Amino acid sequence: MYNSFRRFCERLLRIPPDPEPPPGDEASTRQFRAAPNYYKYLLCLALLRILVFLLVIVIAVAVPITIAEFQLAKQGNKWALILWIIPAAAIVLHLLLSAFSLAVVRLTFEKRWYLVTDRSLRVREGVISIREMTVNFANIQNISVSQGPLQRILGISDLRVDTAGGGSSRGEQVSQNLHTAWFRGIENATDVRGIIQDRLRHLKDSGLGDHEELTQNPTSAGPEFLAALRAVHAEAAGLRLAVSRSQV
């Protein structure tokens, strides 16, 4: 039954297919997934939200209506029980939305991708609001691991990758989102960090940069480009000679 409901949610939310590997050698692609305990972590947070909203419905809706119903019943009003339709409808709606939100939590866990090649990494997360980020190793400035109390109990942690232009100021939350990639809920965050650092070190030691930079390197330019450089040099030399003669 869950699979049918899952397929329904995928069609409803229009979840895209699995992401392609980021730029780099496809044979070097490593795929990392969130740990099973991360699903428990998300489930605990979702159940906590469901219980909080249910408590709000009971306190703000069910209790006042129940008190009003008893007052009307004392007055002999036979339609007092109709008031229970309001809290009953609110609770039923809350249960339906809760079932959908739990399915979304499961999809959020399953549709989370962390792909790493020899030159870049790609992270995709979310099912309602999908966020995909591709980071070139040449732009990475910092790699760190964070772990909260509940994550520590579950044995999971988050790997944060900051890129050029990213900030750490609280007032620049938008900038952080645009320049920070997260490997959330993984068991081997230290190992993943080591893999990225090794590949980043190998990339720098080999002297490789972006593909665009390599194609624009003058040392690897064709004869037409070299001829244009010689023409510019000749014109500059002639201009310098003309200026020197005019000063004499």
# chains A, B, ... in the order shown; residues from 1 in each chain; ligands from 1

$ residues_around --residues "A:Thr180" --least-positions-apart "6" --cutoff "8 Å" --atoms "only C-alpha atoms" --output "list in words"
Arg160, Val161, Asp162, Thr163 and Gly166 of chain A

$ write_last_selection --atoms "N, CA and C atoms" --output "PDB file, in the first residue's frame"
ATOM      1  N   ARG A 160      29.444  19.774   5.803  1.00  0.00           N
ATOM      2  CA  ARG A 160      29.202  21.083   5.177  1.00  0.00           C
ATOM      3  C   ARG A 160      30.359  21.444   4.273  1.00  0.00           C
ATOM      4  N   VAL A 161      30.036  21.818   3.035  1.00  0.00           N
ATOM      5  CA  VAL A 161      31.040  22.231   2.055  1.00  0.00           C
ATOM      6  C   VAL A 161      30.766  23.677   1.677  1.00  0.00           C
ATOM      7  N   ASP A 162      31.668  24.582   2.049  1.00  0.00           N
ATOM      8  CA  ASP A 162      31.536  26.009   1.731  1.00  0.00           C
ATOM      9  C   ASP A 162      32.346  26.320   0.479  1.00  0.00           C
ATOM     10  N   THR A 163      31.757  27.109  -0.399  1.00  0.00           N
ATOM     11  CA  THR A 163      32.407  27.479  -1.643  1.00  0.00           C
ATOM     12  C   THR A 163      32.751  28.957  -1.637  1.00  0.00           C
ATOM     13  N   GLY A 166      30.791  32.200  -0.083  1.00  0.00           N
ATOM     14  CA  GLY A 166      29.942  31.862   1.041  1.00  0.00           C
ATOM     15  C   GLY A 166      30.375  32.595   2.283  1.00  0.00           C
TER      16      GLY A 166
END

$ residues_around --residues "A:Ile86" --least-positions-apart "2" --cutoff "12 Å" --atoms "only C-alpha atoms" --output "ChimeraX atom specification"
/A:57-58,60-66,69,80-84,88-93

$ closest_atom_pairs --of "stretch 179-205 of chain A" --to "stretch 7-30 of chain A" --cutoff "12 Å" --atoms "only C-alpha atoms" --output "JSON lines"
{"residue": "A:Val192", "atom": "CA", "partner": "A:Arg30", "partner_atom": "CA", "distance": 9.8}
{"residue": "A:Ile195", "atom": "CA", "partner": "A:Arg30", "partner_atom": "CA", "distance": 9.6}
{"residue": "A:Ile196", "atom": "CA", "partner": "A:Arg30", "partner_atom": "CA", "distance": 10.3}
{"residue": "A:Arg199", "atom": "CA", "partner": "A:Ser28", "partner_atom": "CA", "distance": 10.2}
{"residue": "A:Leu203", "atom": "CA", "partner": "A:Gly24", "partner_atom": "CA", "distance": 11.1}

$ closest_residue --among "A:Asp205, A:Glu187, A:Glu125, A:Glu132" --to "A:Gly155" --atoms "only C-alpha atoms"
A:Glu187

$ residues_around --residues "A:Asn139" --least-positions-apart "2" --cutoff "6 Å" --atoms "only C-alpha atoms" --output "MDAnalysis selection string"
chainID A and resid 136:137 163:164

$ select_by_dssp --residues "stretch 4-180 of chain A" --states "helix (DSSP H, G or I)" --output "ChimeraX atom specification"
/A:4-13,26-28,36-74,80-110,137-139,149-154,170-179

$ atom_distance --atom1 "atom CA of A:Arg49" --atom2 "atom CA of A:Tyr114"
27.2 Å

$ closest_residue --among "A:Ile50, A:Phe32, A:Leu72, A:Val145" --to "A:Arg124" --atoms "only C-alpha atoms"
A:Phe32

$ atom_distance --atom1 "atom CA of A:Phe5" --atom2 "atom CA of A:Ala103"
7.9 Å

$ select_by_dssp --residues "stretch 6-123 of chain A" --states "strand (DSSP E or B)" --output "list in words"
Arg30, Gln31, Phe32, Trp113, Tyr114, Leu115, Val116, Ser120, Leu121, Arg122 and Val123 of chain A
